[in-house]
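Beneath this line is the structure, given in structure tokens, with notes to follow.
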Protein chains: 4
Amino acid sequence: MIRAVVMPAPNQPLELREFTEPQLEPGGVILRTLGSEVCGTDVHLWHGRLAGVPYPIIPGHVSVGQVAAAGSGAQDVDGRPLAVGDVVTFLDVYGSCGRCWYCTVGQATTRCPQRRVYGITLSADDGLLGGWGEYIYLRPGVHIVTVPPELPWTTLLAAGCGLPTALHAVERAEVRFGDCVVIQGSGPVGLSAAILAQLRGAGQVIVIGGPPLRLDMARHLGADAIIDIGVTSEVDRIAAVHDLTNGRGADVTIEAAGVAAAVPEGMRLTRDAGRYVVVGQYTNAGAAEFNPHLDLNQKHLDVRGCWGSDVGHVYRAVQVLARYHTRFPWAEFVSGHYSLEQAQEALEDVAAQRVVKALIIPGHNHPA
Amino acid sequence: MIRAVVMPAPNQPLELREFTEPQLEPGGVILRTLGSEVCGTDVHLWHGRLAGVPYPIIPGHVSVGQVAAAGSGAQDVDGRPLAVGDVVTFLDVYGSCGRCWYCTVGQATTRCPQRRVYGITLSADDGLLGGWGEYIYLRPGVHIVTVPPELPWTTLLAAGCGLPTALHAVERAEVRFGDCVVIQGSGPVGLSAAILAQLRGAGQVIVIGGPPLRLDMARHLGADAIIDIGVTSEVDRIAAVHDLTNGRGADVTIEAAGVAAAVPEGMRLTRDAGRYVVVGQYTNAGAAEFNPHLDLNQKHLDVRGCWGSDVGHVYRAVQVLARYHTRFPWAEFVSGHYSLEQAQEALEDVAAQRVVKALIIPGHNHPA
Amino acid sequence: MIRAVVMPAPNQPLELREFTEPQLEPGGVILRTLGSEVCGTDVHLWHGRLAGVPYPIIPGHVSVGQVAAAGSGAQDVDGRPLAVGDVVTFLDVYGSCGRCWYCTVGQATTRCPQRRVYGITLSADDGLLGGWGEYIYLRPGVHIVTVPPELPWTTLLAAGCGLPTALHAVERAEVRFGDCVVIQGSGPVGLSAAILAQLRGAGQVIVIGGPPLRLDMARHLGADAIIDIGVTSEVDRIAAVHDLTNGRGADVTIEAAGVAAAVPEGMRLTRDAGRYVVVGQYTNAGAAEFNPHLDLNQKHLDVRGCWGSDVGHVYRAVQVLARYHTRFPWAEFVSGHYSLEQAQEALEDVAAQRVVKALIIPGHNHPA
Amino acid sequence: MIRAVVMPAPNQPLELREFTEPQLEPGGVILRTLGSEVCGTDVHLWHGRLAGVPYPIIPGHVSVGQVAAAGSGAQDVDGRPLAVGDVVTFLDVYGSCGRCWYCTVGQATTRCPQRRVYGITLSADDGLLGGWGEYIYLRPGVHIVTVPPELPWTTLLAAGCGLPTALHAVERAEVRFGDCVVIQGSGPVGLSAAILAQLRGAGQVIVIGGPPLRLDMARHLGADAIIDIGVTSEVDRIAAVHDLTNGRGADVTIEAAGVAAAVPEGMRLTRDAGRYVVVGQYTNAGAAEFNPHLDLNQKHLDVRGCWGSDVGHVYRAVQVLARYHTRFPWAEFVSGHYSLEQAQEALEDVAAQRVVKALIIPGHNHPA
């Protein structure tokens with residue numbers, strides 16, 4: 001029997017349940033879980049703040065595992081056949097139809113109605129379809145990316161889902177060489193964005209956030225300036241950014257804060273004709289007020305919502321991590337390892353921000 | 001002596017004053033005015049709603065004239081030397097320094113602090129620097145575009161400043177073949193945008209506006225559907241657009257309405273991963289409220305403020321008009337010709353929306 | 001029994017063979033063929049100039065048909081369930097895997113190794129997988145686009161595969177308002193490109209090609225100037241284009257000529273910092289010589305190869321045709337209708353350029 | 001009297017001449033030269049391989065100096081008034097008119113007919129308009145960029161004109177996170193491009209070039225692989241790149257080699273649907289042959305010529321250097337410092353590739 005953590009319903013204690021071994025289909029893969037991330041979305045799931053979740057679920061949407069069995073024809077995104085022992089990760093999003101208007105004409109696959117997400121919108125009643133278990137079953141068609149040998153899997157999980165999300169946002173921001181990039185938010189997405197801005201040749205990276213522990217990490221990973229939201233007002237922050245940018249404002253601002261009021265503030269932090277990417281409003285945090293004349297039209301501003309990640313983002317994230325993980329401290333984003341039995345504790349520690357990031361690591365896999 | 005209309009101060013009656021002939025500099029040009037536009041901005045100027053205006057001014061920022069005298073080296077944008085008798089128009093924006101950060105690195109010349117605008121931010125105390133007079137003095141460096149012989153100058157004025165503004169917005173909207181384009185507003189900018197959307201191969205053009213007279217014009221110029229804001233609510237309009245787009249919303253929406261509440265509505269009219277250009281908020285019409293999660297981030301929406309026009313927009317507008325003016329009814333956008341003596345009346349008719357557009361035509365130039 | 005035209009091998013006479021009714025799968029569709037195009041690619045197939053063709057094949061890659069039977073869940077790209085009697089077309093490209101690097105990270109689905117093409121790389125031994133027959137079987141996953149009721153299906157076939165190909169090229173050319181667009185080639189792709197350039201607001205459209213009959217069509221559909229390759233040299237043509245563009249050259253050039261020497265010539269027809277799209281080199285027409293300094297680097301030129309079409313191009317082509325087919329003479333591109341029995345004659349007439357374009361129309365479907 | 005090196009005519013010995021102090025105009029600046037670059041273009045100038053050069057000239061187009069006197073209103077690109085003692089660099093290109101079609105509509109200022117270049121197309125008869133002298137006169141309108149205090153001026157000169165050229169090319173290449181970037185050429189442009197590719201988050205950087213000394217530098221600055229042109233054929237190099245890219249070829253290739261045959265090879269090094277930037281063909285190195293079907297159209301390749309640099313490239317280059325110069329070894333690109341008296345020797349050492357790069361440093365300025 002295989003053990004996995006189940007979230008039976010919102011606001012109910014997590015349970016450790018036993019599952020039978022999955023039936024391997026052609027193209028499918030059974031992964032022995034090395035580890036799986038605990039992120040803010042898992043807290044939202046537990047609080048019942050996401051719509052359309054088919055509880056009970058096995059949480060865990062970013063995971064790394066070792067191939068335990070591979071169905072015929074199973075391969076990774078590069079077309080390499082998968083073999084037992086390969087260390088891989090996979091895109092949580094699965095099942096986009098490839099035929100509807102959004103998948104084809106609209107080139108906006110994140111709006112495909114067939115789309116499902118491991119650890120979020122697939123039910124535990126249908127099998128091992130989330131990361132917080134000893135094994136994960138990857139159905140045929142799941143997009144699998146091999147983890148390069150030089151990249152420790154714990155580092156990949158430390159970067160977690162924040163990295164492809166940040167990568168998507170930074171791509172969409174079209175950072176140019178020498179740009180000043182302001183990042184609103186110092187959680188996993190904001191911190192990865194602060195690294196990635198440097199990997200686009202930014203001339204200056206400013207992180208606005210808190211608490212001090214996270215701002216220290218921002219400094220540590222290379223931010224040129226940090227602004228603590230705990231001791232500043234919107235007016236202070238706009239003034240500080242203008243002081244640092246010869247009076248113009250940021251060339252690029254990336255919102256990864258999650259608070260509705262951050263959005264009009266971000267418009268004002270950005271220079272005329274700059275770019276502003278909003279990637280932190282993943283749940284409904286309420287309304288915000290702005291002035292269309294001053295904050296948008298006269299500024300000739302570009303404001304870009306940024307939703308979801310696709311295969312390319314995960315694939316590119318893995319390549320970037322593999323090459324630059326020794327230069328930037330992604331590995332330090334994790335502050336807690338938890339066994340399956342400690343999953344409830346992990347969730348509560350993340351909810352209380354007692355840790356930057358937590359990993360669920362089944363007992364047999366603890367790194368030395 | 002040369003006569004020109006002067007706006008001495010906000011909310012004061014216009015006056016007809018006499019000026020001495022301008023001193024022709026090398027590269028400068030004296031134009032005999034054929035006609036000049038009266039547009040909504042002139043009404044705003046008269047109501048004192050624009051900051052930084054050096055009253056007294058000679059209004060008129062889009063004009064056509066015949067070269068009466070050309071200084072040595074005077075030429076048009078194509079590099080053709082100008083000769084007496086040539087019919088030309090010119091970009092109202094003048095004096096961008098070409099050296100500051102906005103002019104060079106930022107490639108956002110509309111934010112250059114040296115920039116001045118004929119008919120708006122140049123004072124009548126400094127000469128014939130606006131279009132509502134018998135002659136206009138074009139200082140060296142003004143960007144001059146020759147009017148092709150096949151294009152009636154009255155048609156160019158009928159399209160007026162709304163055309164380059166709309167052209168800029170439609171370019172920025174990146175309309176793709178077959179897209180559904182929704183236009184909020186049926187004034188001169190909105191109507192030109194509705195034509196230009198067809199000249200980008202839109203599959204469907206929907207104009208939201210009023211009053212019925214303008215919507216009739218929208219139909220006449222090719223709109224596939226019109227929605228009257230006088231008899232519909234926001235909910236109605238969103239439902240109507242969804243009905244026309246297979247439930248998805250517009251691929252592209254262009255705001256040319258001027259009302260702050262139009263902006264959040266426009267976000268909702270647009271499909272997920274669509275593009276929304278805001279070009280109608282030229283004066284401060286107050287604040288608006290939106291939901292960053294629902295209206296922006298989850299929608300993966302692009303929202304683009306669009307400010308000002310540059311030489312390229314005017315040059316391209318002239319080429320487009322010259323080639324397509326017989327196919328689309330730009331010439332019919334005008335409903336009133338006024339002499340210099342009637343300028344006050346023209347201004348009041350535009351303010352009261354008694355005419356779609358008015359032209360000031362000095363007595364000697366009335367078209368047959 | 002169902003009759004269909006079979007091309008048994010290169011350079012062999014076409015045959016009319018009988019097939020059994022296809023087995024309808026869930027998501028599959030049986031189409032009663034209304035008509036199917038004969039295009040230059042079919043001539044290449046007959047001459048054996050394409051690699052990897054699994055002869056025998058049923059030719060015909062652009063077709064229109066009426067749904068005769070629809071498997072459960074069959075729907076069009078817009079998500080509308082298909083019903084018997086619906087008139088539809090479909091993308092010939094089928095089977096892209098959606099999982100390989102090209103389909104996902106590379107976003108270049110035309111390089112997917114799983115990809116097959118109706119009428120070209122699917123064998124007649126596997127069923128009715130080409131258009132020149134009484135019925136066509138659309139396997140589950142084929143991308144189906146409903147033909148809007150206002151669009152005659154004969155017009156869609158008259159535009160044929162040249163239209164999505166041209167649409168892709170014109171999109172890739174990023175035509176701007178008022179641009180001068182030069183098109184090399186006056187075959188179906190070139191002629192559609194000449195129309196589409198006008199539907200991007202081009203200021204001037206110049207078609208270079210021949211013979212005179214096709215150049216007459218180019219004039220008829222709106223080209224501002226035509227240049228006959230039969231009576232001009234490369235030097236003449238470059239001079240002519242410079243004369244028409246104030247000495248600068250074309251803003252955009254689109255190659256749809258199919259001759260290797262057209263490519264360096266096209267670089268020289270284009271202005272500095274212009275864009276040049278090469279879409280006519282679908283078969284290997286040999287090498288060409290150019291000067292990297294003069295023709296590319298110093299010109300700051302963009303040269304863009306353009307290969308294949310995807311669902312979006314066909315979908316958009318259908319929307320554009322539906323809206324603009326009464327304004328532009330696509331319907332006149334056809335000069336011959338042929339029955340299944342006359343397929344050999346159709347092929348030979350196209351090969352000999354005796355007709356601009358031919359359609360295969362099974363006996364029961366001849367339009368009035 | 002002020003001493004400066006003069007190149008009197010092609011293939012003539014350089015001379016040290018004396019000049020009178022320049023007349024300071026409003027907006028002009030007199031710079032005390034700290035140092036000036038000797039680059040390949042200077043060798044071309046000496047060999048008479050550039051057209052339109054008004055010999056005698058003072059060579060030196062990338063220089064750093066200290067403000068000795070500033071005319072009223074003189075300021076840098078950021079708008080900061082210049083004061084005596086400020087350390088600055090400047091864009092060699094000067095005098096673009098800002099009014100012609102190329103400067104305005106075409107947004108291709110490098111084709112402005114008024115454009116002149118310090119050290120190249122400005123005559124010594126008109127003053128101190130090149131860098132190889134004790135002082136340089138910056139005419140009003142020259143674009144001046146302040147050197148940030150943390151950036152040693154010798155490092156800026158070590159990067160030299162190769163850096164903004166490479167920056168322009170890498171921008172134009174649109175490198176995406178994780179891309180494999182191949183660089184053809186290991187001279188100053190190629191080496192800077194290899195650094196900048198890492199500052200765009202490339203997943204792999206491959207440098208093709210020689211001799212071994214330069215390839216060692218490529219390794220040292222972070223290239224993942226190097227390929228020596230001295231011991232490989234085109235076929236070898238293409239095979240090597242395919243081996244390193246899972247059989248696909250480079251996502252992005254940048255040509256900085258200067259040999260015509262490198263261009264068709266570069267097309268073949270690049271994957272289908274990849275991007276290829278040609279920036280090394282600054283002089284006419286003859287013709288090259290390619291196959292439009294195989295190398296361009298079927299590959300769906302983007303080929304982009306890249307000519308000249310503008311203010312933005314220099315400004316951004318300075319910001320990037322200031323922030324990343326301690327992480328990458330630009331400072332080591334220089335292997336020789338020369339006094340004014342040794343200019344002839346410097347030129348000959350660069351011509352013979354005895355040094356990677358040489359600097360001219362007037363006697364009073366030698367760094368400790």
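Residue names in the structure tokens use chain letters A, B, ... in the order shown, residue numbers from 1 in each chain, and ligand numbers from 1 in the order shown.
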
Set the distance at 10 Å and use only C-alpha atoms: which residues neighbour His61 of chain D once local chain neighbours fewer than 2 positions away are removed? I'd like the list as a count of residues only.
24

I'd like a table as a Markdown table: residues in chain B with an atom no more than 8 Å from chain A, each row giving the shortest atom pair and its distance in Å to one decimal, only C-alpha atoms counted, sorted by chain and rising residue number.
| residue | atom | partner | partner_atom | distance |
| --- | --- | --- | --- | --- |
| B:Gly106 | CA | A:Ala273 | CA | 7.9 |
| B:Ala108 | CA | A:Ala273 | CA | 6.6 |
| B:Arg111 | CA | A:Asp272 | CA | 7.7 |
| B:Ala260 | CA | A:Pro292 | CA | 6.3 |
| B:Val263 | CA | A:Pro292 | CA | 7.1 |
| B:Asp272 | CA | A:Arg111 | CA | 7.7 |
| B:Ala273 | CA | A:Ala108 | CA | 6.6 |
| B:Val278 | CA | A:Asn297 | CA | 6.0 |
| B:Val279 | CA | A:Asn297 | CA | 6.1 |
| B:Gly280 | CA | A:Asn297 | CA | 7.7 |
| B:Gln281 | CA | A:His293 | CA | 4.9 |
| B:Tyr282 | CA | A:His293 | CA | 6.3 |
| B:Thr283 | CA | A:His293 | CA | 6.3 |
| B:Asn284 | CA | A:His293 | CA | 5.2 |
| B:Ala285 | CA | A:His293 | CA | 7.0 |
| B:Gly286 | CA | A:Asn291 | CA | 6.1 |
| B:Ala287 | CA | A:Asn291 | CA | 4.3 |
| B:Ala288 | CA | A:Glu289 | CA | 5.6 |
| B:Glu289 | CA | A:Glu289 | CA | 4.3 |
| B:Phe290 | CA | A:Ala287 | CA | 5.4 |
| B:Asn291 | CA | A:Ala287 | CA | 4.3 |
| B:Pro292 | CA | A:Ala260 | CA | 6.3 |
| B:His293 | CA | A:Gln281 | CA | 4.9 |
| B:Leu294 | CA | A:Asn284 | CA | 7.0 |
| B:Leu296 | CA | A:Gly305 | CA | 5.0 |
| B:Asn297 | CA | A:Gly305 | CA | 4.0 |
| B:Gln298 | CA | A:Trp307 | CA | 5.5 |
| B:Lys299 | CA | A:Gly305 | CA | 6.8 |
| B:His300 | CA | A:Gly305 | CA | 4.3 |
| B:Leu301 | CA | A:Gly305 | CA | 5.0 |
| B:Asp302 | CA | A:Arg304 | CA | 4.5 |
| B:Val303 | CA | A:Val303 | CA | 4.9 |
| B:Arg304 | CA | A:Asp302 | CA | 4.5 |
| B:Gly305 | CA | A:Asn297 | CA | 4.0 |
| B:Cys306 | CA | A:His300 | CA | 4.8 |
| B:Trp307 | CA | A:His300 | CA | 5.3 |

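Straight-line separation from atom CA of Val84 of chain D to atom CA of Leu31 of chain D: 9.1 Å.
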
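Proximity to segment 203-209 of chain B at 7 Å, evaluated using only C-alpha atoms and with sequence-adjacent residues fewer than 5 positions away removed, yields B:Phe177, B:Gly178, B:Asp179, B:Cys180, B:Val181, B:Val182, B:Ile183, B:Gln184, B:Gly185, B:Ser186, B:Ala194, B:Leu215, B:Ala218, B:Ala223, B:Asp224, B:Ala225, B:Ile226, B:Ile227, B:Asp228, B:Ile229, C:Gln319, C:Val320, C:Arg323.
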
Restrict the selected residues to N, CA and C atoms and save them as a CSV table (one decimal), in the first residue's frame.
chain,number,residue,atom,x,y,z
B,177,PHE,N,-5.9,39.7,-37.7
B,177,PHE,CA,-6.9,39.3,-38.7
B,177,PHE,C,-8.1,38.6,-38.1
B,178,GLY,N,-9.3,39.0,-38.3
B,178,GLY,CA,-10.4,38.3,-37.8
B,178,GLY,C,-10.9,38.6,-36.4
B,179,ASP,N,-10.1,39.5,-35.7
B,179,ASP,CA,-10.4,39.8,-34.3
B,179,ASP,C,-11.8,40.5,-34.2
B,180,CYS,N,-12.4,40.4,-33.1
B,180,CYS,CA,-13.5,41.2,-32.7
B,180,CYS,C,-13.0,42.4,-32.0
B,181,VAL,N,-13.3,43.6,-32.5
B,181,VAL,CA,-12.8,44.9,-31.9
B,181,VAL,C,-14.0,45.6,-31.4
B,182,VAL,N,-14.0,45.9,-30.1
B,182,VAL,CA,-15.1,46.8,-29.5
B,182,VAL,C,-14.5,48.2,-29.3
B,183,ILE,N,-15.3,49.2,-29.7
B,183,ILE,CA,-14.8,50.5,-29.5
B,183,ILE,C,-15.8,51.2,-28.5
B,184,GLN,N,-15.3,51.7,-27.4
B,184,GLN,CA,-16.1,52.5,-26.5
B,184,GLN,C,-16.0,54.0,-26.9
B,185,GLY,N,-17.1,54.5,-27.4
B,185,GLY,CA,-17.1,55.9,-27.7
B,185,GLY,C,-17.3,56.1,-29.2
B,186,SER,N,-18.2,57.1,-29.6
B,186,SER,CA,-18.5,57.3,-31.0
B,186,SER,C,-18.2,58.7,-31.4
B,194,ALA,N,-13.1,52.9,-35.6
B,194,ALA,CA,-13.9,51.9,-36.1
B,194,ALA,C,-13.6,51.6,-37.6
B,215,LEU,N,-24.2,57.0,-33.7
B,215,LEU,CA,-24.3,55.6,-33.9
B,215,LEU,C,-24.7,55.3,-35.4
B,218,ALA,N,-21.6,55.4,-37.2
B,218,ALA,CA,-20.8,54.2,-37.0
B,218,ALA,C,-21.3,53.1,-37.9
B,223,ALA,N,-19.6,49.6,-39.1
B,223,ALA,CA,-19.6,48.8,-37.8
B,223,ALA,C,-20.7,47.7,-38.0
B,224,ASP,N,-20.3,46.5,-37.5
B,224,ASP,CA,-21.2,45.4,-37.6
B,224,ASP,C,-22.3,45.4,-36.6
B,225,ALA,N,-22.1,46.1,-35.5
B,225,ALA,CA,-23.1,46.2,-34.4
B,225,ALA,C,-22.8,47.5,-33.7
B,226,ILE,N,-23.9,48.1,-33.2
B,226,ILE,CA,-23.8,49.3,-32.3
B,226,ILE,C,-24.6,49.0,-31.0
B,227,ILE,N,-24.1,49.6,-30.0
B,227,ILE,CA,-24.8,49.5,-28.7
B,227,ILE,C,-24.9,50.9,-28.1
B,228,ASP,N,-26.2,51.3,-27.9
B,228,ASP,CA,-26.5,52.7,-27.4
B,228,ASP,C,-26.3,52.8,-25.9
B,229,ILE,N,-25.4,53.6,-25.5
B,229,ILE,CA,-25.2,53.7,-24.0
B,229,ILE,C,-26.4,54.4,-23.3
C,319,GLN,N,-12.7,34.0,-41.0
C,319,GLN,CA,-13.4,35.2,-40.5
C,319,GLN,C,-13.2,36.3,-41.5
C,320,VAL,N,-12.0,36.5,-42.0
C,320,VAL,CA,-11.7,37.6,-42.9
C,320,VAL,C,-12.5,37.5,-44.2
C,323,ARG,N,-16.2,38.3,-43.8
C,323,ARG,CA,-16.5,39.7,-43.7
C,323,ARG,C,-16.2,40.5,-44.9

I'd like the contact shell of Leu163 of chain A - 10 Å cut-off, only C-alpha atoms, skipping same-chain residues fewer than 2 positions apart - returned as an mmCIF file with N, CA, C and O atoms, in the first residue's frame.
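Written output follows (around.cif):
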data_model
loop_
_atom_site.group_PDB
_atom_site.id
_atom_site.type_symbol
_atom_site.label_atom_id
_atom_site.label_comp_id
_atom_site.auth_asym_id
_atom_site.auth_seq_id
_atom_site.Cartn_x
_atom_site.Cartn_y
_atom_site.Cartn_z
ATOM 1 N N LEU A 156 15.467 22.683 -6.603
ATOM 2 C CA LEU A 156 14.324 22.875 -7.489
ATOM 3 C C LEU A 156 13.053 23.072 -6.667
ATOM 4 O O LEU A 156 12.229 23.953 -6.969
ATOM 5 N N LEU A 157 12.886 22.302 -5.608
ATOM 6 C CA LEU A 157 11.697 22.468 -4.768
ATOM 7 C C LEU A 157 11.771 23.760 -3.962
ATOM 8 O O LEU A 157 10.744 24.375 -3.659
ATOM 9 N N ALA A 158 12.979 24.154 -3.579
ATOM 10 C CA ALA A 158 13.120 25.412 -2.837
ATOM 11 C C ALA A 158 12.640 26.582 -3.689
ATOM 12 O O ALA A 158 11.943 27.483 -3.221
ATOM 13 N N ALA A 159 12.999 26.565 -4.954
ATOM 14 C CA ALA A 159 12.505 27.592 -5.868
ATOM 15 C C ALA A 159 11.002 27.418 -6.055
ATOM 16 O O ALA A 159 10.233 28.381 -6.032
ATOM 17 N N GLY A 160 10.580 26.173 -6.221
ATOM 18 C CA GLY A 160 9.166 25.827 -6.209
ATOM 19 C C GLY A 160 8.353 26.487 -7.300
ATOM 20 O O GLY A 160 8.885 26.912 -8.331
ATOM 21 N N CYS A 161 7.030 26.573 -7.060
ATOM 22 C CA CYS A 161 6.158 27.129 -8.081
ATOM 23 C C CYS A 161 6.367 28.630 -8.218
ATOM 24 O O CYS A 161 5.936 29.226 -9.202
ATOM 25 N N THR A 165 6.363 30.950 -12.001
ATOM 26 C CA THR A 165 5.438 32.077 -11.955
ATOM 27 C C THR A 165 6.204 33.385 -12.149
ATOM 28 O O THR A 165 5.804 34.256 -12.932
ATOM 29 N N ALA A 166 7.315 33.531 -11.446
ATOM 30 C CA ALA A 166 8.134 34.738 -11.582
ATOM 31 C C ALA A 166 8.734 34.827 -12.974
ATOM 32 O O ALA A 166 8.804 35.909 -13.572
ATOM 33 N N LEU A 167 9.154 33.686 -13.501
ATOM 34 C CA LEU A 167 9.753 33.680 -14.839
ATOM 35 C C LEU A 167 8.740 34.164 -15.870
ATOM 36 O O LEU A 167 9.058 34.972 -16.755
ATOM 37 N N HIS A 168 7.517 33.689 -15.763
ATOM 38 C CA HIS A 168 6.468 34.142 -16.671
ATOM 39 C C HIS A 168 6.288 35.655 -16.541
ATOM 40 O O HIS A 168 6.218 36.385 -17.538
ATOM 41 N N ALA A 169 6.246 36.138 -15.317
ATOM 42 C CA ALA A 169 6.025 37.573 -15.088
ATOM 43 C C ALA A 169 7.188 38.404 -15.622
ATOM 44 O O ALA A 169 6.995 39.452 -16.242
ATOM 45 N N PRO A 188 7.982 34.051 -2.111
ATOM 46 C CA PRO A 188 8.718 33.235 -3.082
ATOM 47 C C PRO A 188 8.673 33.780 -4.513
ATOM 48 O O PRO A 188 9.677 33.730 -5.218
ATOM 49 N N VAL A 189 7.543 34.304 -4.960
ATOM 50 C CA VAL A 189 7.472 34.845 -6.321
ATOM 51 C C VAL A 189 8.311 36.109 -6.426
ATOM 52 O O VAL A 189 9.113 36.272 -7.344
ATOM 53 N N GLY A 190 8.164 37.002 -5.464
ATOM 54 C CA GLY A 190 8.919 38.252 -5.496
ATOM 55 C C GLY A 190 10.417 38.019 -5.426
ATOM 56 O O GLY A 190 11.189 38.654 -6.154
ATOM 57 N N LEU A 191 10.837 37.095 -4.559
ATOM 58 C CA LEU A 191 12.281 36.852 -4.436
ATOM 59 C C LEU A 191 12.846 36.235 -5.718
ATOM 60 O O LEU A 191 13.923 36.629 -6.182
ATOM 61 N N SER A 192 12.124 35.289 -6.308
ATOM 62 C CA SER A 192 12.605 34.736 -7.574
ATOM 63 C C SER A 192 12.621 35.821 -8.654
ATOM 64 O O SER A 192 13.542 35.868 -9.480
ATOM 65 N N ALA A 193 11.634 36.684 -8.651
ATOM 66 C CA ALA A 193 11.615 37.764 -9.647
ATOM 67 C C ALA A 193 12.824 38.681 -9.469
ATOM 68 O O ALA A 193 13.394 39.177 -10.450
ATOM 69 N N ILE A 195 15.754 37.823 -8.454
ATOM 70 C CA ILE A 195 16.906 37.148 -9.063
ATOM 71 C C ILE A 195 16.817 37.222 -10.585
ATOM 72 O O ILE A 195 17.776 37.589 -11.276
ATOM 73 N N LEU A 196 15.652 36.895 -11.090
ATOM 74 C CA LEU A 196 15.491 36.832 -12.548
ATOM 75 C C LEU A 196 15.697 38.198 -13.201
ATOM 76 O O LEU A 196 16.174 38.289 -14.337
ATOM 77 N N HIS A 313 7.353 27.590 -19.392
ATOM 78 C CA HIS A 313 7.843 28.278 -18.201
ATOM 79 C C HIS A 313 8.562 27.313 -17.271
ATOM 80 O O HIS A 313 9.601 27.629 -16.704
ATOM 81 N N VAL A 314 7.982 26.126 -17.080
ATOM 82 C CA VAL A 314 8.617 25.153 -16.192
ATOM 83 C C VAL A 314 9.930 24.664 -16.803
ATOM 84 O O VAL A 314 10.963 24.576 -16.121
ATOM 85 N N ARG A 316 11.900 26.166 -18.953
ATOM 86 C CA ARG A 316 12.914 27.228 -18.896
ATOM 87 C C ARG A 316 13.385 27.451 -17.462
ATOM 88 O O ARG A 316 14.559 27.729 -17.209
ATOM 89 N N ALA A 317 12.452 27.355 -16.517
ATOM 90 C CA ALA A 317 12.830 27.522 -15.107
ATOM 91 C C ALA A 317 13.868 26.477 -14.718
ATOM 92 O O ALA A 317 14.853 26.780 -14.023
ATOM 93 N N VAL A 318 13.671 25.245 -15.159
ATOM 94 C CA VAL A 318 14.623 24.186 -14.818
ATOM 95 C C VAL A 318 15.986 24.471 -15.448
ATOM 96 O O VAL A 318 17.036 24.312 -14.801
ATOM 97 N N VAL A 320 17.257 27.400 -16.257
ATOM 98 C CA VAL A 320 17.855 28.565 -15.584
ATOM 99 C C VAL A 320 18.413 28.154 -14.221
ATOM 100 O O VAL A 320 19.538 28.505 -13.855
ATOM 101 N N LEU A 321 17.628 27.389 -13.478
ATOM 102 C CA LEU A 321 18.094 26.917 -12.172
ATOM 103 C C LEU A 321 19.369 26.088 -12.311
ATOM 104 O O LEU A 321 20.323 26.247 -11.540
ATOM 105 N N TRP A 330 18.767 30.343 -4.289
ATOM 106 C CA TRP A 330 17.447 29.720 -4.251
ATOM 107 C C TRP A 330 17.366 28.645 -3.167
ATOM 108 O O TRP A 330 16.333 28.496 -2.517
#

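Put simply, atom CA of Cys112 of chain C is 10.8 Å away from atom CA of Gly79 of chain A.
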
Secondary structure check, strand (DSSP E or B) residues of segment 32-109 of chain A, as a ChimeraX atom specification:
/A:32-38,57,63-70,75,81,87-90,93-94

For segment 14-27 of chain A, find every residue with an atom within 7 Å (counting only C-alpha atoms), except residues of its own chain fewer than 3 positions away, and show them as a VMD selection string.
chain A and resid 1 to 8 71 to 74 137 140 344

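Each of B:Val88, B:Leu221, B:Arg327, B:Arg176 was checked against Trp153 of chain B using only C-alpha atoms; the smallest atom-to-atom distance is that of B:Val88.
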
Of the candidates C:Val170, C:Val355, C:Ala256, C:Leu199, which one gets nearest to Tyr324 of chain C if we count only C-alpha atoms?
C:Leu199

From a backbone DSSP assignment, name each residue in segment 114-253 of chain B labelled alpha helix (DSSP H), as a ChimeraX atom specification.
/B:153-159,162-173,188-198,212-220,234-244
